[in-house]
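Peer 1: Take a look at query_19.cif, mmCIF, C-alpha atoms:
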data_run
#
loop_
_atom_site.label_atom_id
_atom_site.label_comp_id
_atom_site.auth_asym_id
_atom_site.auth_seq_id
_atom_site.Cartn_x
_atom_site.Cartn_y
_atom_site.Cartn_z
CA MET A 108 75.36 -180.25 -231.80
CA LEU A 109 75.56 -181.63 -228.32
CA ARG A 110 75.53 -178.28 -226.65
CA THR A 111 72.01 -177.51 -227.76
CA ALA A 112 70.58 -180.40 -225.82
CA VAL A 113 69.86 -178.49 -222.63
CA GLN A 114 70.46 -174.78 -222.81
CA ARG A 115 68.43 -173.95 -225.88
CA ARG A 116 65.24 -174.99 -224.11
CA SER A 117 63.65 -171.95 -222.55
CA ILE A 118 63.08 -172.17 -218.84
CA SER A 119 60.53 -170.44 -216.64
CA THR A 120 62.10 -171.18 -213.27
CA PHE A 121 65.59 -171.98 -212.02
CA TYR A 122 64.30 -175.28 -210.66
CA GLU A 123 64.13 -176.68 -214.19
CA LEU A 124 67.89 -176.40 -214.53
CA PHE A 125 68.39 -179.07 -211.85
CA PRO A 126 66.25 -182.05 -212.94
CA ARG A 127 67.95 -184.55 -210.65
CA THR A 128 67.26 -182.45 -207.55
CA PHE A 129 63.84 -181.26 -208.71
CA PRO A 130 62.34 -183.96 -210.96
CA LYS A 131 59.06 -182.05 -211.28
CA GLY A 132 60.85 -178.82 -212.09
CA THR A 133 58.33 -176.82 -210.10
CA PRO A 134 59.18 -174.30 -207.38
CA GLN A 135 59.35 -175.63 -203.86
CA TRP A 136 60.55 -174.15 -200.58
CA ASN A 137 62.41 -177.09 -199.09
CA ILE A 138 65.75 -177.80 -200.69
CA GLU A 139 68.16 -180.64 -200.22
CA GLN A 140 71.24 -178.44 -200.19
CA SER A 141 73.79 -181.22 -200.61
CA LYS A 142 71.93 -182.76 -203.53
CA LEU A 143 71.56 -179.39 -205.24
CA ARG A 144 75.23 -178.60 -204.71
CA LYS A 145 76.26 -181.93 -206.19
CA GLU A 146 74.11 -181.51 -209.28
CA TYR A 147 75.26 -177.91 -209.68
CA ARG A 148 78.91 -178.96 -209.63
CA ALA A 149 78.30 -181.77 -212.11
CA LEU A 150 76.53 -179.38 -214.49
CA GLN A 151 79.18 -176.70 -214.11
CA ALA A 152 81.87 -179.23 -214.95
CA GLN A 153 79.94 -179.97 -218.11
CA TYR A 154 79.22 -176.38 -219.17
CA HIS A 155 82.22 -174.53 -217.88
CA PRO A 156 83.69 -172.55 -220.80
CA ASP A 157 87.11 -174.15 -220.34
CA MET A 158 85.63 -177.62 -220.60
CA LEU A 159 83.55 -176.73 -223.62
CA SER A 160 86.38 -175.15 -225.54
CA ALA A 161 88.50 -178.20 -224.80
CA THR A 162 85.75 -180.41 -226.19
CA PHE A 163 84.29 -178.37 -229.03
CA GLY A 164 86.91 -175.79 -229.83
CA LYS A 165 86.71 -172.03 -229.55
CA SER A 166 83.31 -171.55 -231.15
CA SER A 167 81.55 -172.97 -228.14
CA ASP A 168 83.05 -170.53 -225.66
CA HIS A 169 80.25 -168.04 -225.75
CA ASP A 170 77.37 -170.45 -225.21
CA GLY A 171 79.22 -172.32 -222.50
CA GLY A 172 79.86 -169.06 -220.68
CA ASP A 173 76.19 -168.10 -220.85
CA GLN A 174 75.07 -171.44 -219.54
CA SER A 175 77.73 -171.44 -216.88
CA SER A 176 76.68 -168.03 -215.54
CA LEU A 177 73.00 -168.95 -215.72
CA LEU A 178 73.68 -172.07 -213.66
CA ASN A 179 75.68 -170.01 -211.22
CA LYS A 180 72.87 -167.50 -210.79
CA ALA A 181 70.27 -170.26 -210.47
CA TYR A 182 72.26 -172.14 -207.86
CA HIS A 183 72.94 -169.09 -205.73
CA THR A 184 69.30 -168.04 -205.94
CA LEU A 185 67.92 -171.41 -204.88
CA LYS A 186 70.53 -171.88 -202.15
CA ASP A 187 69.65 -168.60 -200.40
CA PRO A 188 66.32 -168.41 -198.50
CA LEU A 189 65.64 -164.73 -199.32
CA LEU A 190 66.47 -165.05 -203.02
CA ARG A 191 64.65 -168.38 -203.24
CA SER A 192 61.51 -166.92 -201.72
CA GLN A 193 61.64 -163.95 -204.10
CA HIS A 194 62.10 -166.35 -207.02
CA ILE A 195 59.16 -168.57 -206.01
CA LEU A 196 56.85 -165.58 -205.54
CA LYS A 197 57.78 -164.21 -208.93
CA ALA A 198 57.50 -167.56 -210.71
CA VAL A 199 54.29 -168.77 -209.06
CA GLN A 200 52.43 -165.56 -208.28
CA GLY A 201 53.99 -163.04 -210.64
CA THR A 202 54.83 -160.96 -207.55
CA ASP A 203 58.10 -159.24 -208.40
CA LEU A 204 59.47 -157.89 -205.12
CA SER A 205 62.37 -156.20 -206.90
CA GLN A 206 59.81 -153.65 -208.12
CA GLU A 207 59.66 -150.87 -205.51
CA ARG A 208 55.99 -150.16 -206.08
CA ILE A 209 54.98 -153.77 -205.55
CA ALA A 210 57.18 -154.14 -202.49
CA GLN A 211 55.82 -150.81 -201.13
CA ASP A 212 52.23 -152.03 -201.44
CA ILE A 213 53.11 -155.15 -199.50
CA MET A 214 54.96 -153.22 -196.82
CA GLN A 215 51.83 -151.10 -196.17
CA SER A 216 50.41 -154.04 -194.26
CA ASN A 217 53.34 -153.94 -191.85
CA PRO A 218 53.50 -150.35 -190.55
CA ASP A 219 55.79 -151.08 -187.60
CA LEU A 220 58.51 -152.69 -189.68
CA LEU A 221 60.38 -149.49 -190.59
CA ILE A 222 60.37 -148.28 -186.98
CA GLN A 223 61.82 -151.58 -185.84
CA VAL A 224 64.43 -151.57 -188.63
CA LEU A 225 65.52 -148.02 -187.87
CA ASP A 226 65.67 -148.71 -184.12
CA THR A 227 67.86 -151.76 -184.65
CA HIS A 228 70.23 -149.91 -186.95
CA GLU A 229 70.50 -147.10 -184.40
CA GLN A 230 71.32 -149.68 -181.74
CA LEU A 231 74.10 -151.04 -183.91
CA GLU A 232 75.32 -147.53 -184.49
CA GLU A 233 75.57 -146.82 -180.78
CA VAL A 234 77.25 -149.96 -179.47
CA GLN A 235 80.85 -149.65 -178.38
CA ASN A 236 82.08 -153.20 -178.07
CA ILE A 237 81.89 -156.49 -179.89
CA GLU A 238 79.90 -158.23 -177.12
CA ASP A 239 76.99 -155.85 -177.64
CA VAL A 240 77.25 -156.43 -181.38
CA HIS A 241 76.93 -160.15 -180.73
CA VAL A 242 73.71 -159.54 -178.81
CA ILE A 243 72.25 -157.67 -181.79
CA GLU A 244 73.55 -160.37 -184.10
CA ARG A 245 71.93 -163.16 -182.06
CA GLU A 246 68.61 -161.35 -182.02
CA ASN A 247 68.81 -160.79 -185.75
CA LYS A 248 69.63 -164.43 -186.44
CA GLN A 249 66.60 -165.45 -184.38
CA ARG A 250 64.42 -163.08 -186.38
CA ILE A 251 65.74 -164.47 -189.67
CA THR A 252 65.31 -168.09 -188.56
CA SER A 253 61.79 -167.41 -187.37
CA ILE A 254 60.85 -165.79 -190.69
CA GLU A 255 62.34 -168.72 -192.62
CA HIS A 256 60.24 -171.17 -190.60
CA GLN A 257 57.14 -169.09 -191.20
CA LEU A 258 57.95 -168.98 -194.91
CA GLU A 259 58.13 -172.77 -195.00
CA GLN A 260 54.64 -172.90 -193.49
CA CYS A 261 53.33 -170.26 -195.91
CA PHE A 262 54.63 -172.03 -199.00
CA ASN A 263 53.24 -175.35 -197.76
CA ASP A 264 49.86 -173.68 -197.23
CA LYS A 265 50.15 -171.68 -200.46
CA ASP A 266 49.61 -168.51 -198.44
CA PHE A 267 51.48 -166.29 -200.89
CA ALA A 268 50.18 -163.03 -199.46
CA LYS A 269 51.76 -163.76 -196.11
CA ALA A 270 54.89 -165.12 -197.80
CA SER A 271 55.27 -161.84 -199.71
CA LYS A 272 54.97 -159.83 -196.52
CA LEU A 273 57.54 -161.99 -194.75
CA THR A 274 59.94 -161.81 -197.69
CA VAL A 275 59.83 -158.01 -197.69
CA GLU A 276 60.67 -158.09 -194.00
CA LEU A 277 63.41 -160.67 -194.48
CA LYS A 278 65.16 -158.38 -196.98
CA TYR A 279 65.57 -155.75 -194.25
CA TRP A 280 67.01 -158.19 -191.73
CA VAL A 281 69.39 -159.70 -194.27
CA ASN A 282 70.68 -156.18 -194.96
CA LEU A 283 71.11 -155.70 -191.22
CA ALA A 284 73.04 -158.97 -191.01
CA LYS A 285 75.46 -157.63 -193.64
CA ALA A 286 75.87 -154.42 -191.63
CA ILE A 287 76.59 -156.42 -188.49
CA LYS A 288 79.22 -158.46 -190.29
CA GLU A 289 81.10 -155.32 -191.25
CA TRP A 290 80.94 -153.75 -187.79
CA GLU A 291 84.20 -152.48 -186.40
CA PRO A 292 84.64 -150.17 -183.41
CA GLY A 293 84.67 -146.54 -184.53
CA LYS A 294 83.82 -147.39 -188.09
CA PRO A 295 80.50 -146.34 -189.58
CA VAL A 296 78.11 -149.24 -190.07
CA THR A 297 78.39 -150.46 -193.61
CA LEU A 298 76.79 -153.07 -195.79
CA SER A 299 77.34 -154.28 -199.27
CA HIS A 300 74.69 -155.48 -201.63
CA MET B 285 77.65 -150.65 -201.26
CA PHE B 286 75.63 -149.56 -198.30
CA ARG B 287 76.41 -147.30 -195.42
CA PHE B 288 74.62 -146.12 -192.39
CA ILE B 289 75.81 -142.66 -191.57
CA ARG B 290 76.60 -141.69 -188.03
CA PRO B 291 75.85 -138.19 -186.88
CA GLY B 292 78.95 -136.08 -186.99
CA PHE B 293 81.00 -138.64 -188.81
CA SER B 294 83.30 -137.16 -191.37
CA GLY B 295 86.72 -138.64 -190.98
CA SER B 296 88.77 -141.72 -191.62
CA GLY B 297 87.39 -144.55 -193.68
CA MET B 298 85.50 -142.22 -195.94
CA SER B 299 88.19 -142.11 -198.58
CA ALA B 300 87.99 -145.87 -198.97
CA ALA B 301 84.24 -145.61 -199.31
CA GLY B 302 84.70 -142.86 -201.87
CA THR B 303 86.99 -145.06 -203.92
CA ARG B 304 84.48 -147.88 -203.94
CA LEU B 305 81.74 -145.47 -204.96
CA THR B 306 83.85 -144.15 -207.79
CA ARG B 307 84.29 -147.65 -209.09
CA ARG B 308 80.52 -147.99 -209.12
CA LEU B 309 80.39 -144.86 -211.30
CA TYR B 310 78.43 -142.60 -209.03
CA HIS B 311 78.24 -138.97 -210.04
CA PRO B 312 80.74 -136.71 -208.17
CA LYS B 313 77.82 -134.86 -206.53
CA VAL B 314 76.51 -138.14 -205.11
CA ILE B 315 79.95 -138.95 -203.76
CA ASP B 316 80.19 -135.47 -202.24
CA HIS B 317 76.90 -135.87 -200.35
CA TYR B 318 77.78 -139.42 -199.43
CA THR B 319 81.20 -138.62 -198.02
CA ASN B 320 80.10 -135.31 -196.42
CA PRO B 321 76.42 -135.80 -195.69
CA ARG B 322 74.63 -132.63 -194.60
CA ASN B 323 72.37 -132.52 -191.56
CA VAL B 324 72.76 -136.09 -190.37
CA GLY B 325 71.15 -136.83 -187.04
CA SER B 326 67.89 -136.77 -185.14
CA LEU B 327 65.49 -134.24 -183.65
CA ASP B 328 63.26 -134.94 -180.66
CA LYS B 329 60.24 -136.48 -182.31
CA THR B 330 58.08 -135.80 -179.24
CA LEU B 331 58.34 -132.00 -179.65
CA PRO B 332 55.15 -130.43 -180.97
CA ASN B 333 57.03 -128.41 -183.61
CA VAL B 334 58.97 -131.41 -184.99
CA GLY B 335 57.58 -133.49 -187.83
CA THR B 336 59.04 -136.93 -188.58
CA GLY B 337 58.86 -138.78 -191.86
CA LEU B 338 59.88 -142.43 -191.93
CA VAL B 339 59.82 -144.13 -195.32
CA GLY B 340 61.35 -147.21 -196.88
CA ALA B 341 62.35 -148.71 -200.21
CA PRO B 342 61.59 -152.34 -199.42
CA ALA B 343 62.88 -153.77 -202.69
CA CYS B 344 66.36 -152.54 -201.73
CA GLY B 345 65.84 -152.83 -197.99
CA ASP B 346 66.46 -149.09 -197.51
CA VAL B 347 65.06 -146.96 -194.73
CA MET B 348 65.06 -143.15 -194.52
CA LYS B 349 64.09 -140.87 -191.65
CA LEU B 350 63.71 -137.13 -192.24
CA GLN B 351 62.75 -134.68 -189.50
CA ILE B 352 61.83 -131.01 -189.69
CA GLN B 353 61.58 -128.38 -186.97
CA VAL B 354 59.12 -125.66 -187.89
CA ASP B 355 58.77 -122.15 -186.43
CA ASP B 356 55.50 -120.36 -185.74
CA SER B 357 55.40 -118.76 -189.17
CA GLY B 358 55.55 -122.18 -190.86
CA VAL B 359 59.19 -121.99 -191.93
CA ILE B 360 61.49 -125.01 -191.62
CA GLN B 361 64.16 -123.90 -189.16
CA ASN B 362 66.05 -127.12 -188.72
CA VAL B 363 66.18 -130.43 -190.54
CA LYS B 364 67.92 -133.76 -189.87
CA PHE B 365 68.03 -137.12 -191.60
CA LYS B 366 69.22 -140.66 -191.14
CA THR B 367 69.34 -143.01 -194.07
CA PHE B 368 70.28 -146.62 -194.13
CA GLY B 369 70.75 -147.47 -197.76
CA CYS B 370 72.82 -147.05 -200.91
CA GLY B 371 74.91 -144.02 -201.84
CA SER B 372 72.14 -142.55 -203.99
CA ALA B 373 69.58 -142.80 -201.18
CA ILE B 374 71.96 -141.10 -198.74
CA ALA B 375 72.83 -138.38 -201.26
CA SER B 376 69.15 -137.81 -202.12
CA SER B 377 68.17 -137.32 -198.51
CA SER B 378 71.23 -135.19 -197.76
CA TYR B 379 70.46 -132.90 -200.71
CA MET B 380 66.79 -132.77 -199.70
CA THR B 381 67.73 -131.41 -196.28
CA GLU B 382 69.68 -128.61 -197.97
CA LEU B 383 66.73 -127.80 -200.19
CA VAL B 384 64.07 -127.58 -197.48
CA ARG B 385 65.92 -125.65 -194.79
CA GLY B 386 64.51 -122.10 -194.64
CA LYS B 387 61.57 -122.96 -196.86
CA THR B 388 57.92 -122.68 -195.89
CA LEU B 389 56.07 -125.97 -195.51
CA GLU B 390 54.09 -125.08 -198.59
CA ASP B 391 57.20 -124.63 -200.72
CA ALA B 392 58.91 -127.69 -199.25
CA ALA B 393 55.91 -129.82 -200.16
CA LYS B 394 56.28 -128.73 -203.78
CA ILE B 395 59.80 -130.15 -204.19
CA LYS B 396 59.75 -132.90 -206.80
CA ASN B 397 62.03 -135.88 -206.96
CA THR B 398 63.08 -134.83 -210.48
CA GLU B 399 64.83 -131.80 -208.99
CA ILE B 400 66.96 -134.09 -206.82
CA ALA B 401 67.55 -136.62 -209.58
CA LYS B 402 68.72 -133.84 -211.90
CA GLU B 403 71.06 -132.25 -209.37
CA LEU B 404 72.65 -135.62 -208.54
CA SER B 405 72.47 -136.96 -212.12
CA LEU B 406 70.85 -140.14 -210.87
CA PRO B 407 70.56 -142.92 -213.44
CA PRO B 408 67.06 -144.35 -214.15
CA VAL B 409 67.71 -147.35 -211.92
CA LYS B 410 68.30 -145.00 -208.96
CA LEU B 411 65.37 -142.65 -209.53
CA HIS B 412 63.43 -144.34 -206.76
CA CYS B 413 66.01 -143.03 -204.27
CA SER B 414 65.00 -139.46 -205.12
CA MET B 415 61.33 -140.45 -204.87
CA LEU B 416 62.05 -141.81 -201.42
CA ALA B 417 63.41 -138.39 -200.38
CA GLU B 418 60.28 -136.72 -201.76
CA ASP B 419 58.09 -139.19 -199.85
CA ALA B 420 60.13 -138.52 -196.71
CA ILE B 421 59.64 -134.72 -196.68
CA LYS B 422 55.94 -135.14 -197.47
CA ALA B 423 55.57 -137.61 -194.61
CA ALA B 424 57.43 -135.26 -192.24
CA ILE B 425 55.17 -132.33 -193.19
CA LYS B 426 52.08 -134.50 -192.74
CA ASP B 427 53.29 -135.63 -189.33
CA TYR B 428 53.95 -132.03 -188.27
CA GLN B 429 50.51 -130.91 -189.46
CA SER B 430 48.76 -133.76 -187.69
CA LYS B 431 50.45 -132.61 -184.46
CA ARG B 432 49.29 -129.03 -184.94
CA LYS B 433 45.69 -129.78 -185.77
CA PRO B 434 44.32 -130.07 -182.22
CA THR B 435 45.79 -126.69 -181.20
CA SER B 436 44.68 -124.91 -184.36
CA LEU B 437 41.10 -126.00 -183.73
CA THR B 438 40.88 -124.39 -180.31
#
For this file, write the structure as structure tokens.
Peer 2:
Amino acid sequence: MLRTAVQRRSISTFYELFPRTFPKGTPQWNIEQSKLRKEYRALQAQYHPDMLSATFGKSSDHDGGDQSSLLNKAYHTLKDPLLRSQHILKAVQGTDLSQERIAQDIMQSNPDLLIQVLDTHEQLEEVQNIEDVHVIERENKQRITSIEHQLEQCFNDKDFAKASKLTVELKYWVNLAKAIKEWEPGKPVTLSH
Amino acid sequence: MFRFIRPGFSGSGMSAAGTRLTRRLYHPKVIDHYTNPRNVGSLDKTLPNVGTGLVGAPACGDVMKLQIQVDDSGVIQNVKFKTFGCGSAIASSSYMTELVRGKTLEDAAKIKNTEIAKELSLPPVKLHCSMLAEDAIKAAIKDYQSKRKPTSLT
């Protein structure tokens, strides 16, 4: 069966799903977004359930759907700096930042973070007009860009401890960015996951 | 879905939020605390009889502030919170403020997250939200006590 060629192999990182973009299949920080997108689209065309059922008949639907959603998850993880960093740390270091206890331990080393996060959210809560929101937004974008640059340096230097700390911080600012996006005058600040 | 509650907010827009929460299968008690949060706001953290607890759930990117105002006999007279996080985190902190008001510091420190989780019927994946509320009251009590220490020594 043709379909078994790729997806039956077990993978340990999402990088292995895109061999043309990542020939070594090992986690890396820097990503050629256009190359990844191209390979992702080519693979999706191949594994999309509609394509598979057209080629192999109904029995292939299930496997094609699994592979299609795996590819989708992998692509969106690697494309996004926060998710990519979390994925690298888990794959390379076994540091799973989705575990509260692990993330808590890492946050201990950054005692001022919560104060800064709360202050910024209170600022956003108090602003009355869109211009002031844009100020907060600009500051937040600068923070996020700065962290992403530092992450690049950390992953190049294999400084995973610092990368973990920065990734925990990045999560908070990405949440703030979502809250900013949903800001409307007179409406409570909201975010979606 | 995330929301940052504003002090005194209780009007329009909440019904839409409630609908979204219902779709996510939150327990009615969570939705009640989420749509009508109790004791939202801030106390003056510089006052000697105010203790502030600031805790976070970094995996989710949640932050929770809980403040208590304590009278001379060690009873919690007033309590306020601000939570930036998911519905369960907001509901947990809101319910916690109801629990601790009028309690002695000693009794407030004994409140376990399981009590909150049970009241709000939190699913296992949201248990950490109730733990966050427990951490928050403990941190607030600790902050209050650290403020009192110098005077109690004299």
Peer 1: May I ask which of the residues A:Leu178, A:Ile237, A:Ala270, A:Ile209 is the closest one to chain B, counting all atoms listed in the file?
Peer 2: A:Ile209
Peer 1: Name the residues that the PyMOL selection byres ((chain A) within 10 of (chain B)) picks from the file above, as a ChimeraX atom specification, using the file's chain letters and numbers.
Peer 2: /A:203-214,220-222,224-225,228-229,231-233,274-283,285-286,293-300
Peer 1: Residues picked by the PyMOL selection byres ((chain B and resi 332) around 9) here, as a ChimeraX atom specification?
Peer 2: /B:329-331,333-335,428,431-432
Peer 1: I'd like the interatomic distance between atom CA of A:Asp173 and atom CA of B:Leu309, to a tenth of an Å.
Peer 2: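 A separation of 25.5 Å between them.
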Peer 1: In Å, how far is it from atom CA of B:Gly325 to atom CA of B:Ser377?
Peer 2: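 Computed distance, atom CA of B:Gly325 to atom CA of B:Ser377, equals 11.9 Å.
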Peer 1: Do a neighbour search on stretch 388-397 of chain B at 7 Å with all atoms listed in the file, toss out local chain neighbours closer than 3 positions, and write the hits as a list in words.
Peer 2: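 Listing them by chain and then by number gives Gly358, Val359, Ile360, Val384, Ile400, Ala401, Ser414, Met415, Glu418, Lys422 and Ile425 of chain B.
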